[in-house]
>>> print(open('run-v4.txt').read())   # compact mmCIF, C-alpha atoms and all ligand atoms
# COMPACT_ATOMS: atom_id res chain seq x y z
CA VAL I 1 -17.61 3.33 31.43
CA PRO I 2 -13.95 3.81 30.46
CA LYS I 3 -13.38 6.84 28.27
CA SER I 4 -11.47 6.80 25.04
CA ASP I 5 -11.03 9.36 22.33
CA ALA I 6 -10.37 6.68 19.75
CA SER I 7 -12.16 7.09 16.50
CA PRO I 8 -11.00 4.56 13.93
CA LYS I 9 -8.09 5.74 11.84
CA GLN I 10 -9.09 6.38 8.25
CA SER I 11 -6.66 5.64 5.48
CA GLU I 12 -7.26 8.06 2.62
CA ASP I 13 -10.89 8.97 2.67
CA LEU I 14 -12.63 5.63 2.45
CA ARG I 15 -14.92 4.19 5.06
CA SER I 16 -15.01 0.49 5.91
CA PRO I 17 -17.21 -1.63 3.68
CA ILE I 18 -20.20 -3.25 5.38
CA CYS I 19 -20.73 -6.96 4.85
CA CYS I 20 -23.69 -9.25 5.64
CA ILE I 21 -23.71 -13.03 5.90
CA MET I 22 -26.70 -14.81 4.37
CA GLY I 23 -27.75 -18.29 3.39
CA HIS I 24 -29.78 -21.35 4.29
CA VAL I 25 -30.03 -22.49 7.91
CA ASP I 26 -27.16 -24.75 9.06
CA THR I 27 -24.83 -23.84 6.22
CA GLY I 28 -22.44 -22.39 8.83
CA LYS I 29 -23.18 -18.64 8.88
CA THR I 30 -22.68 -18.34 12.64
CA LYS I 31 -19.69 -20.62 12.66
CA LEU I 32 -18.10 -18.73 9.80
CA LEU I 33 -18.50 -15.45 11.64
CA ASP I 34 -17.06 -17.04 14.79
CA CYS I 35 -14.19 -18.40 12.80
CA ILE I 36 -13.46 -15.01 11.25
CA ARG I 37 -13.83 -13.41 14.64
CA GLY I 38 -11.92 -16.02 16.58
CA THR I 39 -14.63 -16.26 19.26
CA ASN I 40 -17.37 -18.70 20.01
CA VAL I 41 -20.79 -17.15 20.10
CA GLN I 42 -22.52 -20.05 18.37
CA GLU I 43 -21.90 -22.52 21.17
CA GLY I 44 -23.62 -20.20 23.64
CA GLU I 45 -26.82 -20.00 21.64
CA ALA I 46 -29.81 -22.29 21.84
CA GLY I 47 -29.55 -24.82 19.03
CA GLY I 48 -26.95 -22.64 17.39
CA ILE I 49 -29.69 -20.41 15.96
CA THR I 50 -28.67 -16.82 15.54
CA GLN I 51 -31.32 -14.80 17.26
CA GLN I 52 -29.84 -11.34 17.46
CA ILE I 53 -28.24 -8.84 15.23
CA GLY I 54 -24.72 -7.71 15.89
CA ALA I 55 -21.81 -6.16 14.09
CA THR I 56 -18.11 -6.91 14.24
CA TYR I 57 -15.46 -4.53 13.11
CA PHE I 58 -12.25 -5.96 11.66
CA PRO I 59 -9.41 -3.50 11.52
CA ALA I 60 -7.19 -3.59 8.42
CA ALA I 61 -4.21 -4.76 10.50
CA ASN I 62 -6.10 -7.89 11.46
CA ILE I 63 -7.04 -8.61 7.85
CA ARG I 64 -3.48 -8.01 6.69
CA GLU I 65 -2.12 -10.40 9.30
CA ARG I 66 -4.57 -13.13 8.38
CA THR I 67 -4.09 -12.88 4.65
CA LYS I 68 -0.29 -12.67 4.59
CA GLU I 69 0.14 -16.28 3.44
CA LEU I 70 -1.66 -15.34 0.23
CA LYS I 71 1.24 -13.01 -0.60
CA ALA I 72 -1.14 -10.90 -2.62
CA ASP I 73 -0.23 -7.28 -2.90
CA ALA I 74 -2.66 -6.56 -0.12
CA THR I 75 -2.77 -2.82 -0.41
CA LEU I 76 -5.58 -2.10 1.97
CA LYS I 77 -7.14 1.25 1.30
CA VAL I 78 -10.11 0.75 3.56
CA PRO I 79 -9.64 1.13 7.32
CA GLY I 80 -11.29 -2.21 7.99
CA LEU I 81 -14.36 -4.31 7.42
CA LEU I 82 -17.65 -4.19 9.30
CA VAL I 83 -19.49 -7.49 9.35
CA ILE I 84 -23.18 -7.62 10.26
CA ASP I 85 -24.43 -10.88 11.68
CA THR I 86 -27.82 -11.21 10.00
CA PRO I 87 -30.02 -13.89 11.51
CA GLY I 88 -32.44 -14.18 8.63
CA HIS I 89 -33.72 -12.56 5.56
CA GLU I 90 -36.58 -10.67 7.21
CA SER I 91 -34.30 -8.36 9.08
CA PHE I 92 -32.27 -7.96 5.95
CA THR I 93 -35.27 -6.69 4.01
CA ASN I 94 -36.13 -4.19 6.70
CA LEU I 95 -32.59 -3.05 7.20
CA ARG I 96 -31.51 -0.58 4.66
CA SER I 97 -30.07 2.83 4.74
CA ARG I 98 -32.18 5.47 3.07
CA GLY I 99 -33.39 3.59 0.07
CA SER I 100 -30.34 1.50 -0.55
CA GLY I 101 -29.16 -1.73 1.00
CA LEU I 102 -27.45 -1.46 4.34
CA CYS I 103 -24.70 -3.80 3.19
CA ASP I 104 -22.14 -3.01 0.54
CA ILE I 105 -21.42 -6.67 -0.03
CA ALA I 106 -22.78 -10.00 1.20
CA ILE I 107 -21.33 -13.43 1.80
CA LEU I 108 -23.81 -16.04 0.57
CA VAL I 109 -23.01 -19.26 2.38
CA VAL I 110 -23.68 -22.59 0.63
CA ASP I 111 -22.96 -26.00 2.16
CA ILE I 112 -20.75 -27.92 -0.29
CA MET I 113 -22.45 -31.18 0.77
CA HIS I 114 -25.97 -29.82 0.11
CA GLY I 115 -25.67 -27.33 -2.72
CA LEU I 116 -28.40 -24.72 -3.17
CA GLU I 117 -31.28 -24.92 -0.68
CA PRO I 118 -34.62 -23.03 -0.45
CA GLN I 119 -33.28 -20.16 1.67
CA THR I 120 -30.21 -19.86 -0.55
CA ILE I 121 -32.57 -19.03 -3.37
CA GLU I 122 -34.56 -16.60 -1.20
CA SER I 123 -31.33 -14.85 -0.23
CA LEU I 124 -30.29 -14.78 -3.85
CA ASN I 125 -33.54 -13.12 -4.87
CA LEU I 126 -33.13 -10.48 -2.18
CA LEU I 127 -29.60 -9.77 -3.28
CA LYS I 128 -30.72 -9.44 -6.89
CA MET I 129 -33.62 -7.17 -5.91
CA ARG I 130 -31.35 -4.89 -3.89
CA LYS I 131 -28.55 -5.13 -6.46
CA THR I 132 -26.16 -6.06 -3.68
CA GLU I 133 -22.80 -7.53 -4.66
CA PHE I 134 -21.97 -10.87 -3.10
CA ILE I 135 -19.34 -13.56 -2.81
CA ILE I 136 -20.26 -17.21 -2.35
CA ALA I 137 -18.61 -19.09 0.50
CA LEU I 138 -18.82 -22.77 -0.41
CA ASN I 139 -18.52 -23.96 3.16
CA LYS I 140 -17.72 -27.24 4.94
CA VAL I 141 -15.02 -28.38 2.50
CA ASP I 142 -13.47 -30.25 5.46
CA ARG I 143 -16.39 -32.66 5.25
CA LEU I 144 -15.24 -34.08 1.94
CA TYR I 145 -14.19 -37.68 2.51
CA ASP I 146 -10.50 -38.00 3.44
CA TRP I 147 -9.92 -34.24 3.50
CA LYS I 148 -6.51 -33.29 4.98
CA ALA I 149 -6.93 -30.11 6.94
CA ARG I 150 -4.34 -27.40 7.12
CA ARG I 151 -5.64 -24.90 9.67
CA ASN I 152 -6.36 -21.35 8.50
CA SER I 153 -4.69 -22.05 5.19
CA PRO I 154 -5.43 -20.29 1.93
CA ILE I 155 -7.56 -22.66 -0.14
CA GLY I 156 -5.02 -23.07 -2.95
CA MET I 157 -2.36 -24.36 -0.59
CA THR I 158 -4.69 -26.83 1.09
CA LEU I 159 -6.04 -28.15 -2.23
CA LYS I 160 -2.48 -28.96 -3.30
CA LYS I 161 -2.20 -31.33 -0.34
CA GLN I 162 -5.33 -33.34 -1.15
CA THR I 163 -5.37 -36.71 -2.90
CA LYS I 164 -6.66 -37.18 -6.44
CA ASP I 165 -9.87 -38.69 -5.12
CA VAL I 166 -10.57 -35.75 -2.81
CA LEU I 167 -9.84 -33.31 -5.62
CA SER I 168 -12.15 -35.08 -8.02
CA GLU I 169 -14.92 -35.11 -5.41
CA PHE I 170 -14.28 -31.41 -4.75
CA ASN I 171 -14.46 -30.61 -8.47
CA ARG I 172 -17.60 -32.68 -8.94
CA ARG I 173 -19.39 -30.81 -6.16
CA VAL I 174 -18.19 -27.40 -7.31
CA THR I 175 -19.40 -28.14 -10.83
CA TYR I 176 -22.76 -29.20 -9.45
CA VAL I 177 -23.16 -25.98 -7.48
CA ILE I 178 -22.14 -23.89 -10.50
CA THR I 179 -24.84 -25.71 -12.51
CA GLN I 180 -27.41 -25.01 -9.80
CA PHE I 181 -26.56 -21.31 -9.84
CA LYS I 182 -26.81 -21.34 -13.61
CA GLU I 183 -30.36 -22.66 -13.24
CA GLN I 184 -31.04 -19.53 -11.17
CA GLY I 185 -29.70 -17.41 -14.00
CA LEU I 186 -26.32 -16.68 -12.43
CA ASN I 187 -22.81 -17.28 -13.68
CA THR I 188 -20.46 -18.39 -10.93
CA GLU I 189 -16.86 -19.63 -10.85
CA LEU I 190 -14.14 -20.48 -8.34
CA TYR I 191 -12.66 -17.11 -7.49
CA TYR I 192 -9.12 -17.97 -8.55
CA LYS I 193 -10.40 -18.97 -12.00
CA ASN I 194 -12.79 -16.06 -12.32
CA LYS I 195 -11.62 -13.72 -15.06
CA GLU I 196 -14.80 -11.63 -15.22
CA MET I 197 -15.60 -10.58 -11.70
CA GLY I 198 -18.62 -8.35 -11.78
CA GLU I 199 -20.40 -10.50 -14.33
CA THR I 200 -19.44 -13.86 -12.92
CA PHE I 201 -19.85 -14.28 -9.18
CA SER I 202 -16.94 -15.71 -7.25
CA ILE I 203 -16.98 -18.87 -5.17
CA VAL I 204 -14.54 -19.20 -2.27
CA PRO I 205 -14.32 -22.72 -0.82
CA THR I 206 -14.14 -22.45 2.99
CA SER I 207 -14.29 -24.38 6.20
CA ALA I 208 -15.54 -22.61 9.29
CA VAL I 209 -14.15 -25.48 11.37
CA THR I 210 -10.56 -25.53 10.10
CA GLY I 211 -10.40 -21.91 8.92
CA GLU I 212 -9.33 -23.00 5.44
CA GLY I 213 -10.25 -20.49 2.76
CA ILE I 214 -10.96 -17.73 5.29
CA PRO I 215 -7.87 -15.72 4.27
CA ASP I 216 -9.09 -15.86 0.65
CA LEU I 217 -12.58 -14.75 1.64
CA LEU I 218 -11.34 -11.78 3.68
CA LEU I 219 -8.92 -10.63 1.01
CA LEU I 220 -11.49 -10.91 -1.76
CA LEU I 221 -14.09 -8.97 0.25
CA VAL I 222 -11.73 -6.10 0.87
CA GLN I 223 -10.06 -6.02 -2.54
CA TRP I 224 -13.32 -6.24 -4.44
CA THR I 225 -15.11 -3.54 -2.46
CA GLN I 226 -12.23 -1.06 -2.50
CA LYS I 227 -11.71 -1.62 -6.21
CA THR I 228 -15.30 -1.33 -7.40
CA MET I 229 -17.09 0.80 -4.79
CA VAL I 230 -14.81 3.78 -4.36
CA GLU I 231 -17.64 6.24 -4.77
CA LYS I 232 -19.94 4.50 -2.33
CA LEU I 233 -17.12 4.04 0.18
CA THR I 234 -15.88 7.61 -0.03
CA PHE I 235 -16.29 9.27 3.29
CA SER I 236 -19.07 11.85 3.31
CA ASP I 237 -20.13 14.64 5.66
CA GLU I 238 -23.71 13.51 5.50
CA VAL I 239 -24.65 11.02 8.19
CA GLN I 240 -26.23 7.73 7.09
CA CYS I 241 -27.25 5.72 10.08
CA THR I 242 -29.64 2.77 10.44
CA VAL I 243 -31.21 1.35 13.60
CA LEU I 244 -30.56 -2.37 14.12
CA GLU I 245 -32.10 -2.90 17.52
CA VAL I 246 -33.78 -1.08 20.38
CA LYS I 247 -32.68 -2.32 23.80
CA VAL I 248 -33.07 -1.42 27.45
CA ILE I 249 -29.70 -1.52 29.20
CA GLU I 250 -29.33 -1.25 32.95
CA GLY I 251 -27.89 2.10 33.86
CA LEU I 252 -28.40 3.51 30.36
CA GLY I 253 -32.15 3.23 29.83
CA THR I 254 -33.44 2.58 26.31
CA THR I 255 -30.58 2.54 23.84
CA ILE I 256 -30.39 1.90 20.11
CA ASP I 257 -27.83 -0.25 18.35
CA VAL I 258 -27.13 1.37 15.02
CA VAL I 259 -24.90 0.96 12.04
CA LEU I 260 -23.26 4.21 11.11
CA VAL I 261 -22.91 3.68 7.37
CA ASN I 262 -21.32 7.02 6.54
CA GLY I 263 -20.45 10.33 8.17
CA VAL I 264 -19.49 11.21 11.75
CA LEU I 265 -21.56 11.15 14.94
CA HIS I 266 -20.65 13.26 17.98
CA GLU I 267 -21.69 13.18 21.56
CA GLY I 268 -24.20 16.02 21.94
CA ASP I 269 -25.44 15.83 18.33
CA GLN I 270 -29.10 16.63 17.93
CA ILE I 271 -30.71 13.65 16.25
CA VAL I 272 -34.12 12.93 14.79
CA GLY I 273 -35.63 9.50 14.78
CA PRO I 274 -38.86 8.73 16.57
CA ILE I 275 -38.40 12.05 18.40
CA VAL I 276 -35.93 14.91 18.47
CA THR I 277 -33.26 14.20 21.08
CA THR I 278 -29.58 14.63 21.88
CA ILE I 279 -26.90 11.93 21.88
CA ARG I 280 -25.92 11.42 25.50
CA ALA I 281 -23.32 8.71 24.87
CA LEU I 282 -21.73 6.99 21.88
CA LEU I 283 -20.66 3.52 22.91
CA THR I 284 -18.80 0.69 21.25
CA PRO I 285 -17.67 -2.68 22.47
CA HIS I 286 -13.96 -3.37 22.50
CA PRO I 287 -12.33 -4.30 19.17
CA MET I 288 -12.91 -7.86 17.93
CA LYS I 289 -15.93 -8.35 20.18
CA GLU I 290 -19.47 -8.30 19.02
CA ILE I 291 -21.87 -5.55 20.06
CA ARG I 292 -24.08 -7.99 21.93
CA VAL I 293 -21.29 -9.45 24.05
CA LYS I 294 -21.72 -8.11 27.57
CA GLY I 295 -19.02 -6.06 29.21
CA ALA I 296 -17.78 -2.55 29.56
CA TYR I 297 -18.40 -0.24 26.64
CA MET I 298 -15.95 2.31 25.40
CA GLN I 299 -17.30 5.84 25.30
CA HIS I 300 -16.42 8.13 22.40
CA LYS I 301 -16.60 11.87 21.78
CA GLU I 302 -17.07 11.16 18.08
CA ILE I 303 -17.20 8.14 15.79
CA LYS I 304 -16.54 7.91 12.08
CA ALA I 305 -18.23 5.41 9.77
CA ALA I 306 -18.53 2.59 9.29
CA GLN I 307 -19.16 1.27 12.79
CA GLY I 308 -21.72 -0.56 14.87
CA ILE I 309 -22.58 1.79 17.73
CA LYS I 310 -24.82 1.88 20.74
CA ILE I 311 -26.45 5.28 21.27
CA ALA I 312 -27.82 6.37 24.62
CA ALA I 313 -30.29 9.26 24.59
CA GLN I 314 -33.62 10.29 26.06
CA GLY I 315 -36.79 9.11 24.39
CA LEU I 316 -35.54 6.23 22.27
CA GLU I 317 -38.38 3.94 23.38
CA HIS I 318 -40.24 4.39 20.12
CA ALA I 319 -37.32 3.76 17.78
CA ILE I 320 -37.88 1.04 15.15
CA ALA I 321 -35.32 -1.30 13.62
CA GLY I 322 -34.67 -0.47 10.00
CA THR I 323 -35.36 3.25 10.28
CA SER I 324 -32.78 5.98 9.79
CA ILE I 325 -31.41 8.38 12.33
CA TYR I 326 -30.98 11.93 11.03
CA VAL I 327 -28.53 14.47 12.42
CA VAL I 328 -29.53 18.10 12.59
CA GLY I 329 -26.70 20.23 11.20
CA PRO I 330 -26.24 23.97 11.83
CA ASP I 331 -27.85 24.90 8.48
CA ASP I 332 -30.64 22.34 8.57
CA ASP I 333 -34.31 23.05 9.00
CA LEU I 334 -35.55 20.92 11.87
CA GLU I 335 -39.07 20.70 10.45
CA ASP I 336 -37.77 19.29 7.14
CA ILE I 337 -35.77 16.64 8.96
CA LYS I 338 -38.71 15.73 11.17
CA GLU I 339 -40.79 15.28 8.04
CA ALA I 340 -38.12 13.06 6.41
CA ALA I 341 -37.86 10.94 9.59
CA LYS I 342 -41.62 10.55 9.69
CA GLU I 343 -41.78 9.39 6.07
CA ASP I 344 -38.92 6.98 6.63
CA MET I 345 -40.68 5.52 9.66
CA GLN I 346 -43.95 5.10 7.75
CA SER I 347 -42.24 3.33 4.86
CA VAL I 348 -40.52 0.89 7.22
CA MET I 349 -43.80 0.29 9.09
CA SER I 350 -45.66 -0.45 5.86
CA ARG I 351 -42.99 -2.96 4.87
CA ILE I 352 -43.23 -4.65 8.25
CA ASP I 353 -47.03 -4.84 7.86
CA LYS I 354 -46.70 -6.46 4.44
CA SER I 355 -44.27 -9.16 5.58
P1 LIG I 401 -26.14 -21.34 10.52
O1 LIG I 401 -27.51 -21.86 10.83
O2 LIG I 401 -25.98 -21.07 9.06
O3 LIG I 401 -25.70 -20.17 11.36
O4 LIG I 401 -25.14 -22.57 10.79
P2 LIG I 401 -24.18 -22.83 12.05
O5 LIG I 401 -23.02 -21.91 12.03
O6 LIG I 401 -24.99 -22.86 13.28
O7 LIG I 401 -23.64 -24.29 11.69
C1 LIG I 401 -24.51 -25.39 11.60
C2 LIG I 401 -23.77 -26.67 11.95
O8 LIG I 401 -22.76 -26.92 10.98
C3 LIG I 401 -23.03 -26.60 13.28
O9 LIG I 401 -23.10 -27.84 13.90
C4 LIG I 401 -21.61 -26.26 12.90
O10 LIG I 401 -20.67 -26.70 13.83
C5 LIG I 401 -21.47 -27.00 11.58
N1 LIG I 401 -20.52 -26.34 10.68
C6 LIG I 401 -20.51 -25.05 10.28
N2 LIG I 401 -19.51 -24.80 9.44
C7 LIG I 401 -18.85 -25.97 9.29
C8 LIG I 401 -17.71 -26.37 8.51
O11 LIG I 401 -17.08 -25.59 7.78
N3 LIG I 401 -17.35 -27.68 8.60
C9 LIG I 401 -18.01 -28.59 9.37
N4 LIG I 401 -17.57 -29.85 9.39
N5 LIG I 401 -19.08 -28.25 10.10
C10 LIG I 401 -19.50 -26.95 10.06
>>> encode(input="run-v4.txt", output="structure tokens")
Amino acid sequence: VPKSDASPKQSEDLRSPICCIMGHVDTGKTKLLDCIRGTNVQEGEAGGITQQIGATYFPAANIRERTKELKADATLKVPGLLVIDTPGHESFTNLRSRGSGLCDIAILVVDIMHGLEPQTIESLNLLKMRKTEFIIALNKVDRLYDWKARRNSPIGMTLKKQTKDVLSEFNRRVTYVITQFKEQGLNTELYYKNKEMGETFSIVPTSAVTGEGIPDLLLLLVQWTQKTMVEKLTFSDEVQCTVLEVKVIEGLGTTIDVVLVNGVLHEGDQIVGPIVTTIRALLTPHPMKEIRVKGAYMQHKEIKAAQGIKIAAQGLEHAIAGTSIYVVGPDDDLEDIKEAAKEDMQSVMSRIDKS
């Protein structure tokens, strides 16, 4: 394993916001993530179904580069964006970080040709229940009849190039989707017309095939989170860390894939989850790759939030997705932390039993 001392550079004292992608099957969640990531995981998966959970970290430099055509004053205060690839709503309900949602913001994907579908409404209800902010990606705009694609373009620029007929079809479908959301008790509006963000949810038209609208989506995610969630995104000394997956890896034994939501983890930290153990290795994939992509991991002495991390340690066999990992600090009482971990585990287990 190649060594690196790289912990992500923090600008000011904000951590990266964490974003989930949700929505009905086949709306383009996987494709959208691939498109943002510039890789092609979807093609490698059976039937294109997302079966695993992963996280991708987008450094601010990458976001700045991709949004430059928007010429917005893209003052990025956050060091980057961490995107969780959520396969379905079940994992989303189990994944939270100590009582609150794991994600700071979600992208709710809706197919412009289909409008709201049953799982869109399920996702919506979950988001409401968890009071999670979200942005709607109205995907597959390239499927509108006679659409002229302009690859990776901001949506405003590409709409200017469309014929009257395409525009009127676009507007008709957008209006229909807005009406459907209204029926669910939600005000929504195209993001560039939205004057009351926070009360009215924003719609970003996108295409995961041509990349149109992706710059808008990235910029909105970052600007909205850093503007409205300063407190939540302020870097803290207290570790908040949630288990995504428990996996056996050759040469490493049982490892856990976690999302470090806040705080810092160090090699050698004493942690409490299913048992009390010590972090043997903190591993990350290389930038712009997903945690589940095979290949050499980078090893770190310490990692600052927010990041998707693989932890190697003794005795992780009994770890459970959705539970928290606690770090024992110099002034902490180990028995108290063991008790908290036990309660956390029981509450996750009871939720799994119910679903
Ligand atoms: P998921 O089930 O929500 O993850 O959906 P996928 O990402 O697997 O996409 C479902 C199908 O829609 C695939 O065949 C994709 O290639 C296609 N698709 C996704 N996004 C777009 C898009 O923006 N435009 C077009 N034309 N097809 C898309």
>>> closest_residue(input="run-v4.txt", among="I:Met113, I:Val83, I:Leu167, I:Ile63", to="ligand LIG 401 (chain I)", atoms="only C-alpha atoms and all ligand atoms")
I:Met113
>>> closest_atom_pairs(input="run-v4.txt", of="chain I", to="ligand LIG 401 (chain I)", cutoff="7 Å", atoms="only C-alpha atoms and all ligand atoms", output="CSV")
residue,atom,partner,partner_atom,distance
I:Gly23,CA,I:LIG401,O2,6.6
I:His24,CA,I:LIG401,O2,6.1
I:Val25,CA,I:LIG401,O1,3.9
I:Asp26,CA,I:LIG401,O1,3.4
I:Thr27,CA,I:LIG401,O2,4.1
I:Gly28,CA,I:LIG401,O5,3.3
I:Lys29,CA,I:LIG401,O2,3.7
I:Thr30,CA,I:LIG401,O5,3.6
I:Lys31,CA,I:LIG401,O5,3.6
I:Leu32,CA,I:LIG401,N2,6.2
I:Gln42,CA,I:LIG401,O6,6.3
I:Gly48,CA,I:LIG401,O6,4.6
I:Ile49,CA,I:LIG401,O1,5.8
I:Thr50,CA,I:LIG401,O3,6.1
I:Asn139,CA,I:LIG401,O11,5.1
I:Lys140,CA,I:LIG401,O11,3.3
I:Val141,CA,I:LIG401,O11,6.3
I:Asp142,CA,I:LIG401,N3,5.6
I:Arg143,CA,I:LIG401,N4,5.1
I:Thr206,CA,I:LIG401,O11,6.4
I:Ser207,CA,I:LIG401,O11,3.4
I:Ala208,CA,I:LIG401,O11,3.7
I:Val209,CA,I:LIG401,O11,4.6
I:Thr210,CA,I:LIG401,O11,6.9
>>> closest_residue(input="run-v4.txt", among="I:Asp13, I:Ala106, I:Gly80, I:Leu159", to="I:Thr132", atoms="only C-alpha atoms")
I:Ala106
>>> residues_around(input="run-v4.txt", residues="I:Pro215", least_positions_apart="5", cutoff="7 Å", atoms="all atoms listed in the file", output="ChimeraX atom specification")
/I:66-67,154
>>> residues_near_point(input="run-v4.txt", point="(-25.7, 4.8, 6.4)", cutoff="8 Å", atoms="all atoms listed in the file", output="list in words")
Ser97, Arg98, Leu102, Val239, Gln240, Cys241, Thr242, Val259, Leu260, Val261, Asn262, Gly263 and Ser324 of chain I
>>> residues_around(input="run-v4.txt", residues="I:Thr188", least_positions_apart="5", cutoff="7 Å", atoms="all atoms listed in the file", output="PyMOL selection string")
chain I and resi 178+181+200-203
>>> closest_residue(input="run-v4.txt", among="I:Leu334, I:Ala137, I:Ala312, I:Leu218", to="I:Lys247", atoms="only C-alpha atoms")
I:Ala312
>>> closest_residue(input="run-v4.txt", among="I:Lys342, I:Arg151, I:Lys227, I:Lys232", to="I:Pro274", atoms="only C-alpha atoms")
I:Lys342
>>> residues_around(input="run-v4.txt", residues="I:Ile271", least_positions_apart="5", cutoff="9 Å", atoms="all atoms listed in the file", output="compact mmCIF listing (two decimals) with C-alpha atoms, in the frame of the given file")
# COMPACT_ATOMS: atom_id res chain seq x y z
CA VAL I 276 -35.93 14.91 18.47
CA THR I 277 -33.26 14.20 21.08
CA THR I 278 -29.58 14.63 21.88
CA ILE I 279 -26.90 11.93 21.88
CA ILE I 325 -31.41 8.38 12.33
CA TYR I 326 -30.98 11.93 11.03
CA VAL I 327 -28.53 14.47 12.42
CA VAL I 328 -29.53 18.10 12.59
>>> closest_residue(input="run-v4.txt", among="I:Glu250, I:Asp332, I:Glu133, I:Glu212", to="I:Gln270", atoms="all atoms listed in the file")
I:Asp332
>>> closest_residue(input="run-v4.txt", among="I:Ala340, I:Ile36, I:Cys103, I:Ile121", to="I:Asn152", atoms="all atoms listed in the file")
I:Ile36
>>> residues_around(input="run-v4.txt", residues="I:Gln346", least_positions_apart="2", cutoff="12 Å", atoms="all atoms listed in the file", output="VMD selection string")
chain I and resid 273 to 274 320 322 to 324 339 to 344 348 to 353
>>> residues_near_point(input="run-v4.txt", point="(-19.6, -29.3, -7.5)", cutoff="12 Å", atoms="only C-alpha atoms", output="PyMOL selection string")
chain I and resi 110-116+138-139+141+144+167-181+188-190+203+205
>>> closest_atom_pairs(input="run-v4.txt", of="stretch 157-204 of chain I", to="stretch 125-129 of chain I", cutoff="12 Å", atoms="only C-alpha atoms", output="Markdown table")
| residue | atom | partner | partner_atom | distance |
| --- | --- | --- | --- | --- |
| I:Phe181 | CA | I:Asn125 | CA | 11.9 |
| I:Gln184 | CA | I:Asn125 | CA | 9.3 |
| I:Gly185 | CA | I:Lys128 | CA | 10.7 |
| I:Leu186 | CA | I:Lys128 | CA | 10.1 |
>>> residues_around(input="run-v4.txt", residues="I:Gln307", least_positions_apart="3", cutoff="9 Å", atoms="all atoms listed in the file", output="ChimeraX atom specification")
/I:8,16,18,55-57,82,258-262,284,303-304
>>> atom_distance(input="run-v4.txt", atom1="atom CA of I:Leu217", atom2="atom CA of I:Gln119")
21.4 Å
>>> atom_distance(input="run-v4.txt", atom1="atom CA of I:Pro330", atom2="atom CA of I:Lys301")
18.4 Å
